[in-house]
Amino acid sequence: MIPRLGVAAVLALCLAGCALPYVKPLPKEAIEHRIRTADGWELSLIEYPAEGPVRGRPVLLLHGIVANNRNMDLDERHSLARFLAARGRSTWNLSVRGTGGSDAPDTARGRQPGYDFDTIWKQDLTAAVAYVRARNGGQPVDFVGHSLGGLMLYAYLSQGGEGISAAVTLGSPARLDWGLRLTSLIPLAAWVVSPRWVLPMVGQATLAIPLTGTLKTDPVQALLYSAGNVEPETWKRLLANGVGDLSAGVALQLTPLVREGRFLSADKKVDYREAMARIRTPILVVAGKLDRVGVVPAVKDGYRLLGGPKEWRLIAEENGAQVDYGHLDLLIGERAGTEVFPHVLDFLDRHPDG
Amino acid sequence: MRGAVVLWLAALLALPAAAREGPLLKSVFHRRVTAPDGTALALYRYVPDGGGGGKPAVLLVPEVGFGRGAYDFAGAGLARYLQERGRDVFVAELRGQGQAQAPRGWSLGQWISLDLPAVLDAVSAAHPGPVDVVVHGYSGGLVLAACAVELKGRVRRVVALSPVVLPEVPNATVAKVLREGGGLGRLARERAADFELLFTRGGRISPGEVSRLRLQVTDLSPVAARELFGWMVQGDLPLPDGSTFARRLPLYDRPTLALLAMQDNFAHPEFGSPLRELSPAEVKLELLTRLNLLSEDYTHLSLLHGADAPSEIFGPLLRFLDKADRSAQDAEELR
């Protein structure tokens, strides 16, 4: 018993040691709010008060899959949250359940694992929108979602969700059936994985920190970011701060997106792709040319489905960016502060009345 | 003595060239095809050993601004690849492309109404039966439109490389070239960085190959440039018979393999991906990206000229073409 505990302790120390130099605290101006969902989970919502005179609606930020709210505020150089706050927007940065400082599943306290995509947008997004509105005199909020955060917006608005005035999605794919060979493994994975599992991505990310930059061909890098746009130190910081565990229920609900290009509710009764035509909220859809998760045709597909006022922006060298952007470059790219964030703010500023 | 050295050097220099050009002389035939309005088009035939009987001929149509060199350069390329594997291959040059005539004010609409039917007639005369077609980029979209009407019933399977069915203006560089009259050839020769950005940046093509490709590009006519730009801006293209490109897509029904190059800055992958929604055809769509275990995120030209194009693009392309029609398969099984 003792040796096993000892090994575990040494491993834990090693893991902590790998991550420690890269752990970054939140800035002193950040204020954590604990909000409660209708089904009883407590979520972490970080407020970044507007600097100087307020210049628009509050903005709610929502991260992607296997992530937490630190994707939106990694450090002083990589922070959409601080960018918006510095320009007069009160900014609110959510971690969905099971990630960041929000509640993790705990059966003893009635928080069951196995929650799916629908649970997150119906419970967590709804609660966050209501909370931010209540704190700001009931006015609607603006919204920015990265990847899965954007898909949550599409689901929320397509099902009549209210209180969002204008929005931006970054790298959010509305279908993922692009003939990828790996998709043939999905049925096997779906058979092996129980929806009640929580996949321990935080631990894996911590282990990956010392490996960053050591491999000639790094598949994680190839999938998630452009090496020419994200410094290794930035990536390590993201691994140490910005990764969240994954509920298998979320992953399993999204498998039809990859297998047959269908974006369905958990009970398969609602086709969110079809329902997106009902969305009337103005939305800016942003894609990165070299995004291998939210590949451009997939993000564009979502753009085409939207029924309301919409704009499209491709962040690419051909359009004046220094490099072609990958999936996470849209948030933590070394030049995102000048090549992405200004477009986000500009769009929200141009739609003050939704 | 000096004469012997010169002869020896000349022989040494000539040897690789002969090795390269030899098969071209032996098994490639060039003929003129005359369109109904008298315009001379070019057609190159790559006859395989054994003549290629038993399998449909394959017609390759180059992208706007390009010619035969897109499919056959220095003895390599898709045309040779298919020829060596037993397919009777034809490469067409439509008006304004390569060695074909470029009458003043030629138009993309004429490709559909005049050139493609004439070329297909010539191919069918040489190799009877339905034809498999490989197309590229914007011209690829036009061929799909022709398959729905002018070429209806004559095309068996289609491989569309970076096809365009719902275009937009891809970037300011393309917009400028087209607004200024379609000087793609001039851009290729005089603005190497812009050429690379549009066609090859990020792809695994040797610098020598890029230089050679730049010399092959030809200008569009001002009319064709206006048509192409209008197609990008409006998302639709009026056609000579009074229909439009968008109205033809619901009539396109050929089994199609659409290969979309991830890093294509000329014909973006999102311009081709709606094919499976806009047409009733059985479309197999594949994104050419490192995510799919390929060696690169392909570009507009690396999918034909990239270092690994033969194994990663040509191989799957041929496997798709070699598939029998389902109806033919059913008949075979019944028999």
# chains A, B, ... in the order shown; residues from 1 in each chain; ligands from 1
>>> closest_atom_pairs(of="chain A", to="chain B", cutoff="6 Å", atoms="only C-alpha atoms", output="tab-separated table")
residue	atom	partner	partner_atom	distance
A:Trp178	CA	B:Glu286	CA	5.2
A:Gly179	CA	B:Glu286	CA	4.6
A:Leu180	CA	B:Asn292	CA	5.3
A:Pro297	CA	B:Glu270	CA	4.2
>>> write_last_selection(atoms="N, CA, C and O atoms", output="mmCIF file, in the first residue's frame")
data_model
loop_
_atom_site.group_PDB
_atom_site.id
_atom_site.type_symbol
_atom_site.label_atom_id
_atom_site.label_comp_id
_atom_site.auth_asym_id
_atom_site.auth_seq_id
_atom_site.Cartn_x
_atom_site.Cartn_y
_atom_site.Cartn_z
ATOM 1 N N TRP A 178 -15.305 15.192 -43.337
ATOM 2 C CA TRP A 178 -14.470 15.572 -44.477
ATOM 3 C C TRP A 178 -13.606 14.429 -44.958
ATOM 4 O O TRP A 178 -12.480 14.626 -45.395
ATOM 5 N N GLY A 179 -14.109 13.230 -44.870
ATOM 6 C CA GLY A 179 -13.374 12.081 -45.391
ATOM 7 C C GLY A 179 -12.129 11.761 -44.593
ATOM 8 O O GLY A 179 -11.188 11.179 -45.126
ATOM 9 N N LEU A 180 -12.117 12.121 -43.315
ATOM 10 C CA LEU A 180 -10.926 11.858 -42.513
ATOM 11 C C LEU A 180 -10.845 10.373 -42.176
ATOM 12 O O LEU A 180 -11.829 9.758 -41.780
ATOM 13 N N PRO A 297 -13.917 24.850 -44.523
ATOM 14 C CA PRO A 297 -15.232 24.501 -45.100
ATOM 15 C C PRO A 297 -16.277 24.218 -44.021
ATOM 16 O O PRO A 297 -17.461 24.491 -44.217
#
>>> closest_atom_pairs(of="segment 113-157 of chain B", to="segment 247-254 of chain B", cutoff="8 Å", atoms="only C-alpha atoms", output="JSON lines")
{"residue": "B:Leu144", "atom": "CA", "partner": "B:Tyr252", "partner_atom": "CA", "distance": 6.8}
{"residue": "B:Ala145", "atom": "CA", "partner": "B:Arg248", "partner_atom": "CA", "distance": 5.8}
{"residue": "B:Cys147", "atom": "CA", "partner": "B:Tyr252", "partner_atom": "CA", "distance": 6.5}
{"residue": "B:Ala148", "atom": "CA", "partner": "B:Tyr252", "partner_atom": "CA", "distance": 4.6}
{"residue": "B:Val149", "atom": "CA", "partner": "B:Leu251", "partner_atom": "CA", "distance": 7.9}
{"residue": "B:Val155", "atom": "CA", "partner": "B:Arg254", "partner_atom": "CA", "distance": 7.5}
{"residue": "B:Arg156", "atom": "CA", "partner": "B:Arg254", "partner_atom": "CA", "distance": 6.6}
{"residue": "B:Arg157", "atom": "CA", "partner": "B:Arg254", "partner_atom": "CA", "distance": 5.8}
>>> atom_distance(atom1="atom CA of Ala155 of chain A", atom2="atom CA of Gly307 of chain A")
13.3 Å
>>> residues_around(residues="segment 335-351 of chain A", least_positions_apart="5", cutoff="8 Å", atoms="only C-alpha atoms", output="MDAnalysis selection string")
chainID A and resid 56 77:80 83:84 142 165:168 229 282 284 315 321 329:330
>>> atom_distance(atom1="atom CA of Ser243 of chain B", atom2="atom CA of Pro62 of chain B")
23.8 Å
>>> atom_distance(atom1="atom CA of Glu317 of chain A", atom2="atom CA of Leu290 of chain A")
10.1 Å
>>> closest_residue(among="A:Asp301, A:Glu76, A:Asp353, A:Glu318", to="Gly171 of chain A", atoms="only C-alpha atoms")
A:Asp301
>>> closest_residue(among="B:Phe29, B:Trp231, B:Phe73, B:Phe66", to="His136 of chain B", atoms="only C-alpha atoms")
B:Phe66
>>> select_by_dssp(residues="segment 148-257 of chain B", states="alpha helix (DSSP H)", output="ChimeraX atom specification")
/B:148,172-179,184-190,192-195,207-216,222-234,245-248
>>> select_by_dssp(residues="segment 180-295 of chain B", states="strand (DSSP E or B)", output="MDAnalysis selection string")
chainID B and resid 238 244 256:261 283:288
>>> residues_around(residues="segment 239-253 of chain A", least_positions_apart="6", cutoff="7 Å", atoms="only C-alpha atoms", output="JSON list (two decimals) with N, CA, C and O atoms, in the first residue's frame")
[["chain", "number", "residue", "atom", "x", "y", "z"],
["A", 19, "ALA", "N", 4.33, 21.50, -14.49],
["A", 19, "ALA", "CA", 3.40, 22.58, -14.79],
["A", 19, "ALA", "C", 3.74, 23.87, -14.06],
["A", 19, "ALA", "O", 3.45, 24.96, -14.54],
["A", 22, "TYR", "N", 4.85, 27.26, -15.36],
["A", 22, "TYR", "CA", 4.00, 27.88, -16.38],
["A", 22, "TYR", "C", 2.64, 28.32, -15.84],
["A", 22, "TYR", "O", 1.84, 28.88, -16.58],
["A", 23, "VAL", "N", 2.39, 28.01, -14.57],
["A", 23, "VAL", "CA", 1.10, 28.41, -14.00],
["A", 23, "VAL", "C", 1.08, 29.92, -13.82],
["A", 23, "VAL", "O", 2.01, 30.51, -13.28],
["A", 66, "VAL", "N", -12.37, 20.60, -24.28],
["A", 66, "VAL", "CA", -11.11, 20.28, -23.59],
["A", 66, "VAL", "C", -10.39, 21.57, -23.20],
["A", 66, "VAL", "O", -9.17, 21.70, -23.36],
["A", 67, "ALA", "N", -11.12, 22.53, -22.71],
["A", 67, "ALA", "CA", -10.53, 23.83, -22.42],
["A", 67, "ALA", "C", -11.23, 24.42, -21.19],
["A", 67, "ALA", "O", -12.12, 23.81, -20.61],
["A", 68, "ASN", "N", -10.78, 25.60, -20.79],
["A", 68, "ASN", "CA", -11.47, 26.35, -19.74],
["A", 68, "ASN", "C", -11.33, 27.83, -20.05],
["A", 68, "ASN", "O", -10.81, 28.21, -21.11],
["A", 69, "ASN", "N", -11.76, 28.67, -19.11],
["A", 69, "ASN", "CA", -11.81, 30.10, -19.43],
["A", 69, "ASN", "C", -10.43, 30.75, -19.60],
["A", 69, "ASN", "O", -10.33, 31.86, -20.13],
["A", 70, "ARG", "N", -9.35, 30.05, -19.23],
["A", 70, "ARG", "CA", -8.03, 30.65, -19.41],
["A", 70, "ARG", "C", -7.63, 30.72, -20.88],
["A", 70, "ARG", "O", -6.68, 31.41, -21.23],
["A", 71, "ASN", "N", -8.34, 30.04, -21.75],
["A", 71, "ASN", "CA", -8.09, 30.22, -23.20],
["A", 71, "ASN", "C", -8.37, 31.66, -23.62],
["A", 71, "ASN", "O", -7.79, 32.15, -24.58],
["A", 98, "GLY", "N", -17.24, 21.14, -14.96],
["A", 98, "GLY", "CA", -16.19, 20.14, -15.12],
["A", 98, "GLY", "C", -14.87, 20.71, -15.62],
["A", 98, "GLY", "O", -13.93, 19.97, -15.85],
["A", 99, "THR", "N", -14.80, 22.03, -15.79],
["A", 99, "THR", "CA", -13.56, 22.64, -16.27],
["A", 99, "THR", "C", -13.20, 23.84, -15.39],
["A", 99, "THR", "O", -14.06, 24.42, -14.73],
["A", 100, "GLY", "N", -11.93, 24.21, -15.42],
["A", 100, "GLY", "CA", -11.46, 25.39, -14.70],
["A", 100, "GLY", "C", -11.89, 25.37, -13.24],
["A", 100, "GLY", "O", -11.81, 24.34, -12.57],
["A", 114, "GLY", "N", -21.22, 12.35, -16.94],
["A", 114, "GLY", "CA", -21.96, 11.89, -18.12],
["A", 114, "GLY", "C", -22.80, 12.98, -18.76],
["A", 114, "GLY", "O", -23.59, 12.69, -19.66],
["A", 115, "TYR", "N", -22.63, 14.21, -18.31],
["A", 115, "TYR", "CA", -23.40, 15.29, -18.92],
["A", 115, "TYR", "C", -22.97, 15.46, -20.38],
["A", 115, "TYR", "O", -21.83, 15.18, -20.75],
["A", 116, "ASP", "N", -23.91, 15.92, -21.21],
["A", 116, "ASP", "CA", -23.64, 16.02, -22.64],
["A", 116, "ASP", "C", -23.61, 17.48, -23.09],
["A", 116, "ASP", "O", -23.73, 18.41, -22.28],
["A", 117, "PHE", "N", -23.47, 17.65, -24.38],
["A", 117, "PHE", "CA", -23.41, 19.00, -24.97],
["A", 117, "PHE", "C", -24.68, 19.78, -24.66],
["A", 117, "PHE", "O", -24.63, 20.96, -24.30],
["A", 190, "ALA", "N", -16.79, 4.86, -29.69],
["A", 190, "ALA", "CA", -18.11, 5.04, -29.09],
["A", 190, "ALA", "C", -18.56, 3.79, -28.35],
["A", 190, "ALA", "O", -19.28, 3.86, -27.36],
["A", 194, "SER", "N", -17.64, 4.84, -22.14],
["A", 194, "SER", "CA", -18.94, 5.01, -21.48],
["A", 194, "SER", "C", -19.25, 6.50, -21.40],
["A", 194, "SER", "O", -18.37, 7.30, -21.10],
["A", 195, "PRO", "N", -20.50, 6.88, -21.63],
["A", 195, "PRO", "CA", -20.84, 8.30, -21.55],
["A", 195, "PRO", "C", -20.60, 8.87, -20.16],
["A", 195, "PRO", "O", -20.47, 10.08, -20.00],
["A", 196, "ARG", "N", -20.50, 8.02, -19.16],
["A", 196, "ARG", "CA", -20.32, 8.52, -17.80],
["A", 196, "ARG", "C", -18.86, 8.81, -17.46],
["A", 196, "ARG", "O", -18.55, 9.30, -16.39],
["A", 197, "TRP", "N", -17.97, 8.45, -18.37],
["A", 197, "TRP", "CA", -16.56, 8.70, -18.10],
["A", 197, "TRP", "C", -16.23, 10.19, -18.18],
["A", 197, "TRP", "O", -16.84, 10.93, -18.95],
["A", 198, "VAL", "N", -15.23, 10.54, -17.39],
["A", 198, "VAL", "CA", -14.62, 11.86, -17.55],
["A", 198, "VAL", "C", -13.20, 11.61, -18.04],
["A", 198, "VAL", "O", -12.42, 10.92, -17.37],
["A", 199, "LEU", "N", -12.88, 12.11, -19.21],
["A", 199, "LEU", "CA", -11.56, 11.83, -19.78],
["A", 199, "LEU", "C", -10.55, 12.84, -19.20],
["A", 199, "LEU", "O", -10.73, 14.05, -19.32],
["A", 200, "PRO", "N", -9.49, 12.33, -18.57],
["A", 200, "PRO", "CA", -8.59, 13.19, -17.79],
["A", 200, "PRO", "C", -7.60, 13.97, -18.67],
["A", 200, "PRO", "O", -6.42, 13.66, -18.73],
["A", 201, "MET", "N", -8.07, 15.00, -19.30],
["A", 201, "MET", "CA", -7.23, 15.74, -20.24],
["A", 201, "MET", "C", -6.23, 16.66, -19.52],
["A", 201, "MET", "O", -5.15, 16.93, -20.05],
["A", 202, "VAL", "N", -6.58, 17.11, -18.32],
["A", 202, "VAL", "CA", -5.68, 18.03, -17.61],
["A", 202, "VAL", "C", -4.37, 17.32, -17.28],
["A", 202, "VAL", "O", -3.27, 17.84, -17.52],
["A", 205, "ALA", "N", -2.30, 16.82, -20.39],
["A", 205, "ALA", "CA", -1.69, 18.07, -20.85],
["A", 205, "ALA", "C", -0.46, 18.39, -20.01],
["A", 205, "ALA", "O", 0.58, 18.82, -20.52],
["A", 206, "THR", "N", -0.56, 18.14, -18.72],
["A", 206, "THR", "CA", 0.57, 18.41, -17.84],
["A", 206, "THR", "C", 1.76, 17.54, -18.22],
["A", 206, "THR", "O", 2.90, 18.00, -18.26],
["A", 209, "ILE", "N", 3.76, 18.81, -21.25],
["A", 209, "ILE", "CA", 4.53, 20.06, -21.19],
["A", 209, "ILE", "C", 6.02, 19.84, -21.50],
["A", 209, "ILE", "O", 6.58, 20.51, -22.36],
["A", 266, "ALA", "N", -29.06, 15.63, -28.12],
["A", 266, "ALA", "CA", -28.70, 14.33, -27.53],
["A", 266, "ALA", "C", -29.77, 13.27, -27.84],
["A", 266, "ALA", "O", -29.44, 12.10, -28.07]]
>>> residues_around(residues="Pro56 of chain B", least_positions_apart="4", cutoff="12 Å", atoms="only C-alpha atoms", output="list in words")
Gly51, Gly52, Leu82, Gly86, Arg87, Asp88, Val89, Phe90, Val123, Ser124, Ala126, His127, Pro128, Gly129, Pro130, Val131, Asp132, Val133, Arg154, Val155, Arg156, Arg157, Val158, Leu321, Asp322, Lys323, Ala324 and Asp325 of chain B
>>> closest_residue(among="B:Pro117, B:Gly140, B:Gly306, B:Gly242", to="Pro207 of chain B", atoms="only C-alpha atoms")
B:Gly306
